[in-house]
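*Asks:* Dropping in work.cif, with mmCIF, C-alpha atoms.
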```
data_model
#
loop_
_atom_site.label_atom_id
_atom_site.label_comp_id
_atom_site.auth_asym_id
_atom_site.auth_seq_id
_atom_site.Cartn_x
_atom_site.Cartn_y
_atom_site.Cartn_z
CA MET T 1 6.58 -7.15 -2.00
CA GLN T 2 2.95 -8.08 -2.68
CA LEU T 3 -0.28 -6.08 -2.96
CA THR T 4 -3.69 -7.76 -2.68
CA PHE T 5 -6.69 -5.69 -3.75
CA LEU T 6 -9.67 -6.43 -1.52
CA GLY T 7 -11.95 -3.71 -2.88
CA THR T 8 -11.67 -1.66 -6.07
CA SER T 9 -15.05 0.05 -6.56
CA ALA T 10 -15.74 3.77 -6.30
CA GLY T 11 -18.38 4.82 -3.81
CA LYS T 12 -20.51 1.72 -3.53
CA PRO T 13 -20.13 -2.05 -3.77
CA THR T 14 -21.23 -3.88 -6.90
CA LYS T 15 -21.58 -7.53 -7.86
CA GLU T 16 -18.07 -7.36 -9.29
CA ARG T 17 -16.27 -5.05 -6.88
CA ASN T 18 -16.34 -4.21 -3.19
CA VAL T 19 -15.33 -0.79 -1.88
CA SER T 20 -11.79 0.33 -1.13
CA ALA T 21 -9.30 -1.90 0.68
CA LEU T 22 -5.73 -2.92 -0.17
CA ALA T 23 -3.31 -5.25 1.62
CA LEU T 24 0.46 -4.77 1.49
CA GLU T 25 3.05 -7.41 2.43
CA PHE T 26 6.83 -7.14 2.55
CA ASP T 27 9.37 -9.86 1.80
CA GLN T 28 10.22 -12.19 4.67
CA ASP T 29 7.72 -10.62 7.04
CA ASN T 30 5.16 -12.27 9.31
CA LYS T 31 2.61 -9.45 9.22
CA TRP T 32 0.69 -7.36 6.73
CA TYR T 33 -0.76 -3.86 6.41
CA LEU T 34 -4.21 -2.71 5.31
CA PHE T 35 -4.86 0.52 3.44
CA ASP T 36 -8.48 1.63 3.75
CA CYS T 37 -11.26 -0.57 5.05
CA GLY T 38 -14.55 -0.08 3.23
CA GLU T 39 -17.65 -1.93 4.41
CA ALA T 40 -17.44 -5.75 4.22
CA THR T 41 -13.64 -5.72 4.04
CA GLN T 42 -13.63 -8.51 6.62
CA HIS T 43 -15.63 -10.66 4.17
CA GLN T 44 -13.06 -9.95 1.48
CA ILE T 45 -10.22 -10.93 3.81
CA ILE T 46 -11.96 -14.21 4.62
CA ARG T 47 -12.22 -14.96 0.89
CA SER T 48 -8.52 -14.21 0.38
CA ARG T 49 -5.38 -15.99 1.56
CA LEU T 50 -4.81 -13.33 4.24
CA TYR T 51 -5.42 -13.80 7.98
CA ILE T 52 -6.80 -11.17 10.31
CA GLY T 53 -4.53 -12.55 13.02
CA LYS T 54 -1.46 -11.34 11.09
CA LEU T 55 -2.83 -7.86 10.41
CA ASP T 56 -0.51 -5.35 12.08
CA THR T 57 -1.59 -1.85 11.06
CA ILE T 58 -4.46 -0.15 9.20
CA PHE T 59 -4.05 3.15 7.35
CA ILE T 60 -7.14 5.18 6.41
CA THR T 61 -6.80 7.71 3.58
CA HIS T 62 -9.91 9.78 4.37
CA LEU T 63 -13.27 9.70 6.10
CA HIS T 64 -15.66 8.86 3.30
CA GLY T 65 -17.63 5.76 4.21
CA ASP T 66 -16.45 3.59 1.33
CA HIS T 67 -12.95 3.86 2.78
CA TYR T 68 -13.55 3.17 6.49
CA TYR T 69 -17.04 1.85 7.30
CA GLY T 70 -15.64 -1.68 7.47
CA LEU T 71 -13.58 -0.96 10.58
CA PRO T 72 -16.14 -1.84 13.31
CA GLY T 73 -16.90 -5.26 11.86
CA LEU T 74 -13.24 -6.06 11.25
CA LEU T 75 -12.24 -5.06 14.79
CA ALA T 76 -15.07 -7.12 16.29
CA THR T 77 -14.19 -10.17 14.19
CA LYS T 78 -10.58 -9.92 15.33
CA LYS T 79 -11.78 -10.29 18.92
CA LEU T 80 -14.14 -13.19 18.12
CA ASP T 81 -11.31 -14.97 16.34
CA ALA T 82 -9.33 -14.71 19.59
CA SER T 83 -6.68 -12.81 17.67
CA LEU T 84 -5.42 -10.69 20.53
CA LYS T 85 -2.28 -9.27 18.93
CA PRO T 86 -2.19 -5.45 19.30
CA LEU T 87 -3.44 -3.44 16.33
CA ASN T 88 -2.58 0.07 15.17
CA ILE T 89 -4.84 2.39 13.17
CA TYR T 90 -3.54 5.54 11.47
CA GLY T 91 -6.14 7.94 10.12
CA PRO T 92 -7.18 11.58 9.71
CA LYS T 93 -8.61 13.61 12.55
CA GLY T 94 -12.00 12.15 13.46
CA ILE T 95 -11.15 8.47 13.15
CA LYS T 96 -10.77 8.09 16.93
CA LYS T 97 -14.12 9.72 17.64
CA PHE T 98 -15.79 7.47 15.08
CA LEU T 99 -14.42 4.30 16.65
CA GLU T 100 -15.28 5.47 20.16
CA CYS T 101 -18.86 6.01 18.99
CA VAL T 102 -19.36 2.55 17.51
CA LEU T 103 -17.51 0.32 19.98
CA ASP T 104 -15.85 0.29 23.35
CA ILE T 105 -12.17 0.52 22.45
CA SER T 106 -10.81 -0.29 25.92
CA PRO T 107 -8.57 -3.39 26.00
CA GLU T 108 -10.91 -4.98 28.56
CA ARG T 109 -13.88 -4.94 26.19
CA LEU T 110 -12.08 -5.29 22.88
CA GLY T 111 -9.77 -8.03 24.11
CA TYR T 112 -6.59 -6.53 22.63
CA ASN T 113 -4.72 -3.25 22.62
CA LEU T 114 -5.87 -0.86 19.90
CA LYS T 115 -3.70 2.18 19.26
CA ILE T 116 -5.25 5.00 17.21
CA ILE T 117 -2.97 7.66 15.72
CA GLU T 118 -4.49 10.71 14.04
CA PHE T 119 -2.03 12.13 11.53
CA GLU T 120 -1.55 15.36 9.60
CA ALA T 121 -0.04 15.99 6.18
CA GLY T 122 3.75 16.01 6.24
CA GLU T 123 4.18 13.60 9.13
CA THR T 124 6.54 10.64 8.74
CA PHE T 125 6.25 7.33 10.57
CA VAL T 126 8.92 4.61 10.77
CA PHE T 127 8.12 0.89 10.74
CA ASP T 128 10.23 -2.27 10.75
CA LYS T 129 10.74 -2.49 7.01
CA PHE T 130 9.74 0.93 5.69
CA SER T 131 9.06 4.57 6.39
CA LEU T 132 5.76 6.24 5.50
CA LYS T 133 5.10 9.90 4.79
CA VAL T 134 1.60 11.39 4.75
CA LEU T 135 0.87 13.56 1.70
CA ALA T 136 -2.10 15.87 1.21
CA LEU T 137 -4.42 15.33 -1.75
CA GLU T 138 -7.22 17.39 -3.29
CA HIS T 139 -10.72 16.08 -2.62
CA SER T 140 -14.09 17.20 -1.22
CA ILE T 141 -12.81 16.48 2.29
CA GLU T 142 -9.29 16.04 3.65
CA SER T 143 -7.76 13.11 1.81
CA PHE T 144 -4.24 11.73 1.94
CA ALA T 145 -1.71 9.56 0.15
CA PHE T 146 1.00 7.47 1.75
CA TYR T 147 4.52 7.62 0.31
CA ILE T 148 6.20 4.37 1.33
CA LYS T 149 9.96 3.90 1.10
CA GLU T 150 11.26 0.44 1.84
CA ASN T 151 14.45 0.29 3.92
CA ASP T 152 17.68 -0.15 1.96
CA ILE T 153 19.52 -3.43 2.52
CA THR T 154 22.97 -2.39 3.69
CA ASN T 155 24.38 -5.52 5.32
CA LYS T 156 24.14 -8.20 2.64
CA LEU T 157 27.36 -10.22 2.68
CA ASN T 158 29.44 -11.30 -0.29
CA GLU T 159 29.16 -14.97 0.54
CA GLU T 160 31.15 -16.06 -2.50
CA LYS T 161 34.10 -13.99 -1.34
CA LEU T 162 33.84 -15.39 2.18
CA LYS T 163 33.63 -18.98 0.96
CA ALA T 164 36.62 -18.37 -1.31
CA ILE T 165 38.78 -17.83 1.78
CA GLY T 166 37.28 -20.88 3.46
CA LEU T 167 34.72 -19.26 5.71
CA GLU T 168 31.43 -21.13 5.41
CA PRO T 169 28.11 -19.78 6.78
CA SER T 170 28.31 -19.61 10.56
CA ALA T 171 27.78 -17.29 13.50
CA LEU T 172 30.70 -15.24 12.17
CA TYR T 173 28.51 -14.16 9.27
CA GLY T 174 26.13 -12.61 11.75
CA GLU T 175 28.94 -10.66 13.38
CA LEU T 176 29.97 -9.20 10.04
CA GLN T 177 26.36 -8.28 9.25
CA ARG T 178 26.14 -6.42 12.54
CA GLY T 179 29.19 -4.38 11.54
CA ASN T 180 31.67 -6.15 13.79
CA SER T 181 35.16 -7.26 12.72
CA ILE T 182 36.03 -10.92 13.21
CA VAL T 183 39.13 -13.09 13.37
CA PHE T 184 39.33 -16.10 11.02
CA GLN T 185 42.39 -18.33 10.71
CA GLY T 186 44.44 -15.75 12.56
CA LYS T 187 43.44 -12.89 10.26
CA LYS T 188 41.23 -9.94 11.13
CA LEU T 189 38.35 -9.48 8.70
CA GLU T 190 36.55 -6.14 8.38
CA PRO T 191 32.84 -5.96 7.46
CA VAL T 192 33.46 -3.34 4.77
CA ASP T 193 35.62 -5.79 2.83
CA PHE T 194 32.91 -8.46 2.65
CA THR T 195 29.70 -6.44 2.34
CA LEU T 196 27.96 -5.92 -0.98
CA GLU T 197 26.80 -2.55 -2.25
CA PRO T 198 23.51 -1.44 -0.63
CA ILE T 199 20.32 -2.62 -2.32
CA GLN T 200 17.96 0.31 -2.71
CA GLY T 201 14.52 -0.12 -1.15
CA ARG T 202 11.49 0.12 -3.40
CA SER T 203 9.15 3.10 -3.37
CA LEU T 204 5.41 3.34 -3.82
CA ILE T 205 2.50 5.65 -3.19
CA ILE T 206 -0.94 4.45 -2.15
CA ALA T 207 -3.31 7.35 -2.68
CA GLY T 208 -6.80 8.09 -1.46
CA ASP T 209 -9.42 9.98 -3.47
CA ASN T 210 -7.80 12.81 -5.39
CA SER T 211 -8.78 15.12 -8.22
CA ARG T 212 -5.24 16.14 -9.19
CA PRO T 213 -2.52 13.47 -9.43
CA ASP T 214 0.07 16.20 -10.04
CA VAL T 215 -0.47 17.48 -6.48
CA LEU T 216 1.90 14.65 -5.47
CA GLY T 217 4.66 16.53 -7.27
CA ARG T 218 8.23 15.40 -6.74
CA TYR T 219 7.16 12.26 -4.90
CA LEU T 220 6.07 10.87 -8.26
CA GLU T 221 9.47 11.38 -9.89
CA ASP T 222 10.79 7.97 -11.01
CA LEU T 223 8.49 6.29 -8.48
CA ASP T 224 8.51 2.50 -8.63
CA LEU T 225 4.73 2.14 -8.19
CA LEU T 226 1.70 4.39 -7.90
CA VAL T 227 -1.67 3.03 -6.77
CA HIS T 228 -4.19 5.73 -7.61
CA GLU T 229 -7.90 6.17 -8.11
CA CYS T 230 -9.27 6.43 -11.64
CA THR T 231 -12.98 6.99 -11.22
CA TYR T 232 -13.95 8.32 -14.65
CA THR T 233 -12.95 8.60 -18.25
CA GLN T 234 -12.65 12.21 -19.37
CA GLU T 235 -15.83 12.08 -21.45
CA ALA T 236 -17.89 10.70 -18.57
CA TYR T 237 -16.52 13.34 -16.22
CA ASP T 238 -17.20 16.17 -18.67
CA ASN T 239 -20.84 15.06 -18.95
CA LEU T 240 -21.48 14.96 -15.20
CA LEU T 241 -24.19 17.42 -14.19
CA VAL T 242 -22.49 17.85 -10.81
CA LYS T 243 -18.71 17.78 -10.90
CA VAL T 244 -16.94 15.75 -8.22
CA LEU T 245 -13.31 15.85 -7.17
CA HIS T 246 -12.01 12.62 -8.69
CA THR T 247 -9.35 11.75 -11.22
CA THR T 248 -9.97 10.99 -14.88
CA ALA T 249 -8.06 8.39 -16.85
CA LYS T 250 -6.80 11.07 -19.24
CA GLU T 251 -5.34 13.22 -16.46
CA LEU T 252 -3.83 10.27 -14.62
CA GLY T 253 -2.08 9.01 -17.73
CA ARG T 254 -0.71 12.45 -18.57
CA VAL T 255 0.73 13.07 -15.10
CA VAL T 256 2.36 9.67 -14.54
CA GLN T 257 4.01 9.83 -17.96
CA LYS T 258 5.37 13.30 -17.26
CA ARG T 259 6.76 12.20 -13.89
CA ARG T 260 8.21 8.91 -15.23
CA VAL T 261 6.30 6.65 -12.84
CA LYS T 262 7.49 3.12 -13.58
CA ASN T 263 4.35 1.15 -12.70
CA LEU T 264 0.74 2.26 -12.28
CA ILE T 265 -2.19 0.35 -10.79
CA ALA T 266 -5.51 2.14 -11.22
CA SER T 267 -8.32 1.39 -8.78
CA HIS T 268 -11.52 3.00 -7.37
CA ILE T 269 -13.34 2.27 -10.63
CA ASN T 270 -16.78 3.78 -11.18
CA PRO T 271 -19.54 1.12 -11.23
CA ARG T 272 -20.56 2.19 -14.75
CA TYR T 273 -17.48 0.36 -16.08
CA ASN T 274 -18.42 -3.30 -15.71
CA THR T 275 -18.60 -6.54 -17.64
CA LYS T 276 -22.30 -6.14 -18.44
CA SER T 277 -22.02 -2.55 -19.62
CA LYS T 278 -21.19 -1.29 -23.10
CA MET T 279 -18.21 0.35 -21.39
CA GLY T 280 -15.91 -2.06 -19.59
CA VAL T 281 -12.70 -1.21 -17.80
CA GLU T 282 -10.84 -1.41 -21.10
CA VAL T 283 -11.98 2.14 -21.88
CA VAL T 284 -10.26 3.31 -18.70
CA TYR T 285 -7.14 1.33 -19.59
CA ASN T 286 -7.01 2.65 -23.14
CA GLU T 287 -7.46 6.27 -22.10
CA ILE T 288 -4.55 6.04 -19.65
CA LYS T 289 -2.45 4.29 -22.28
CA ASP T 290 -2.98 7.13 -24.73
CA SER T 291 -0.40 9.03 -22.67
CA TYR T 292 1.34 6.56 -20.37
CA LYS T 293 4.03 4.24 -21.72
CA GLY T 294 4.89 2.45 -18.48
CA ARG T 295 3.44 -0.76 -17.03
CA LEU T 296 -0.27 -0.32 -16.38
CA PHE T 297 -2.85 -2.45 -14.58
CA ILE T 298 -6.52 -1.91 -13.76
CA ALA T 299 -7.10 -3.61 -10.41
CA ASN T 300 -9.92 -6.06 -9.81
CA ASP T 301 -10.98 -7.48 -6.46
CA PHE T 302 -8.60 -10.23 -5.29
CA ASP T 303 -5.91 -9.34 -7.82
CA ILE T 304 -2.44 -9.95 -6.39
CA TYR T 305 0.56 -8.04 -7.70
CA SER T 306 4.21 -8.55 -6.87
CA MET T 307 7.00 -6.01 -7.22
CA GLY T 308 10.46 -7.46 -7.47
CA ARG T 309 13.75 -5.91 -6.44
CA ASP T 310 14.11 -4.82 -10.05
CA GLY T 311 11.05 -2.60 -9.63
CA ILE T 312 8.97 -4.54 -12.13
CA VAL T 313 5.34 -5.15 -11.14
CA LYS T 314 3.66 -8.37 -12.24
CA LYS T 315 0.18 -9.72 -11.73
CA ILE T 316 0.30 -13.11 -10.03
#
```
Mind turning this structure into structure tokens?
*Replies:*
Amino acid sequence: MQLTFLGTSAGKPTKERNVSALALEFDQDNKWYLFDCGEATQHQIIRSRLYIGKLDTIFITHLHGDHYYGLPGLLATKKLDASLKPLNIYGPKGIKKFLECVLDISPERLGYNLKIIEFEAGETFVFDKFSLKVLALEHSIESFAFYIKENDITNKLNEEKLKAIGLEPSALYGELQRGNSIVFQGKKLEPVDFTLEPIQGRSLIIAGDNSRPDVLGRYLEDLDLLVHECTYTQEAYDNLLVKVLHTTAKELGRVVQKRRVKNLIASHINPRYNTKSKMGVEVVYNEIKDSYKGRLFIANDFDIYSMGRDGIVKKI
């Protein structure tokens, strides 16, 4: 499983960071998924190793511009690239009206089928390799997180055991994987006798803007990976003249430690934390680390992370 961060800034683009967008890829898959699509996301995709032609589905966390203003340009570029594979967009109520306002979404004009699904908190959707549940967050407008559970692998064969009885890889392997008994050298072989224990699918949450990480509750318990905003340090937030509903590094670290989250990637970084400022992203990192003892990363644009079957996240 790989995650490519295409935009990691909070609110507005900077010279170092574009606004929110994240690509997710699963093992042995020929498509990828996009979470949020801030303005100029198509430029970020072009600069990455990803291809718009293989984009299958877009998920929008909420309707603040830095999370979805990039949709019209991306959809138009897909047509101009002659990438006519159907595309799905999942978003909060209002996303369909927005797209209808800015472009003609009929297949005749767009050149491909575009399916728009407006979701509500609590809904679950099933895809080829995973299921996705929509979770409500706490923000100035409706904002959501996506709890993603990869499918368990339940039909992996014990090839060593099969080879030990003389059965080499063949079409018979496929029959066993499909749950069918076979006959080999006059003996009936049952799938249950040659199938390994199920391999548990990995779990992750990709969250939109949110002032309270603990609102995710039990979904955080022993989670393999949380991707969550971390807009401010606590001191910066406390000194804001007008309070906004975003997460601080201190609160994020406290919650993920309490809930035993195994890996954390913080994103949606306020522009004040940059390489030319007296305060770089290390202050965000250090404040989270004051509480959190798990694996922690602060995402930058074009960072690629992999999560192995062991649940360990590594930066590539």
*Asks:* Taking the file above as input, evaluate the PyMOL selection byres ((chain T and resi 296) around 7) and report the hits as a list in words.
*Replies:*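 After applying the PyMOL selection byres ((chain T and resi 296) around 7), what remains is Asn263, Leu264, Ile265, Gly294, Arg295, Phe297 and Ile298 of chain T.
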*Asks:* Name all residues at most 8 Å from range 97-111 of chain T (count only C-alpha atoms; drop same-chain ones fewer than 6 positions away) and give them as a PDB file with C-alpha atoms, in the coordinates of the input.
*Replies:*
```
ATOM      1  CA  PRO T  72     -16.140  -1.840  13.310  1.00  0.00           C
ATOM      2  CA  ALA T  76     -15.070  -7.120  16.290  1.00  0.00           C
ATOM      3  CA  LYS T  79     -11.780 -10.290  18.920  1.00  0.00           C
ATOM      4  CA  LEU T  84      -5.420 -10.690  20.530  1.00  0.00           C
TER       5      LEU T  84
END
```
*Asks:* Using all atoms listed in the file, pick whichever of T:Ala164, T:Leu252, T:Lys54, T:Glu16 has the shortest atom-to-atom distance to Val281 in chain T.
*Replies:*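 Using all atoms listed in the file, Val281 in chain T sits closest to T:Glu16.
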*Asks:* Quick one, how far is CA of Ile312 in chain T from CA of Val255 in chain T?
*Replies:* 19.7 Å
*Asks:* Leaving out Glu150 in chain T and any residue of its chain fewer than 2 positions from it, which residues lie within 6 Å of it when counting all atoms listed in the file, given as a list in words?
*Replies:*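 Listed by chain and then number, they are Lys129, Phe130, Gly201 and Arg202 of chain T.
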*Asks:* Mind pulling up the distance from CA of Ile316 in chain T to CA of Ile153 in chain T?
*Replies:*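 Rounded to one decimal, the two atoms are 24.9 Å apart.
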*Asks:* List every protein, DNA or RNA residue with an atom no more than 10 Å from (-14.8, 18.2, 4.2) in the file's coordinates, counting only C-alpha atoms, and format the result as number ranges by chain.
*Replies:* T: 62-64, 139-143
*Asks:* Take the selection from the previous step and output its residues with C-alpha atoms, as a PDB file, keeping the file's coordinate frame.
*Replies:*
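Result written to out-v2.pdb:
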```pdb
ATOM      1  CA  HIS T  62      -9.910   9.780   4.370  1.00  0.00           C
ATOM      2  CA  LEU T  63     -13.270   9.700   6.100  1.00  0.00           C
ATOM      3  CA  HIS T  64     -15.660   8.860   3.300  1.00  0.00           C
ATOM      4  CA  HIS T 139     -10.720  16.080  -2.620  1.00  0.00           C
ATOM      5  CA  SER T 140     -14.090  17.200  -1.220  1.00  0.00           C
ATOM      6  CA  ILE T 141     -12.810  16.480   2.290  1.00  0.00           C
ATOM      7  CA  GLU T 142      -9.290  16.040   3.650  1.00  0.00           C
ATOM      8  CA  SER T 143      -7.760  13.110   1.810  1.00  0.00           C
TER       9      SER T 143
END
```
*Asks:* For the structure provided, state which residues fall under the PyMOL selection byres ((chain T and resi 124) around 12), and present them as JSON, numbers by chain.
*Replies:* {"T": [90, 119, 120, 121, 122, 123, 125, 126, 127, 130, 131, 132, 133, 134, 135, 145, 146, 147, 148, 149]}
*Asks:* Expanded to explicit residues, what is the PyMOL selection byres ((chain T and resi 137) around 9) for this file, as a list in words?
*Replies:*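 The output of the PyMOL selection byres ((chain T and resi 137) around 9) on this file is Leu135, Ala136, Glu138, His139, Glu142, Ser143, Phe144, Ala145, Ala207, Gly208, Asp209, Asn210, Ser211, Arg212, Pro213, Val215 and Leu216 of chain T.
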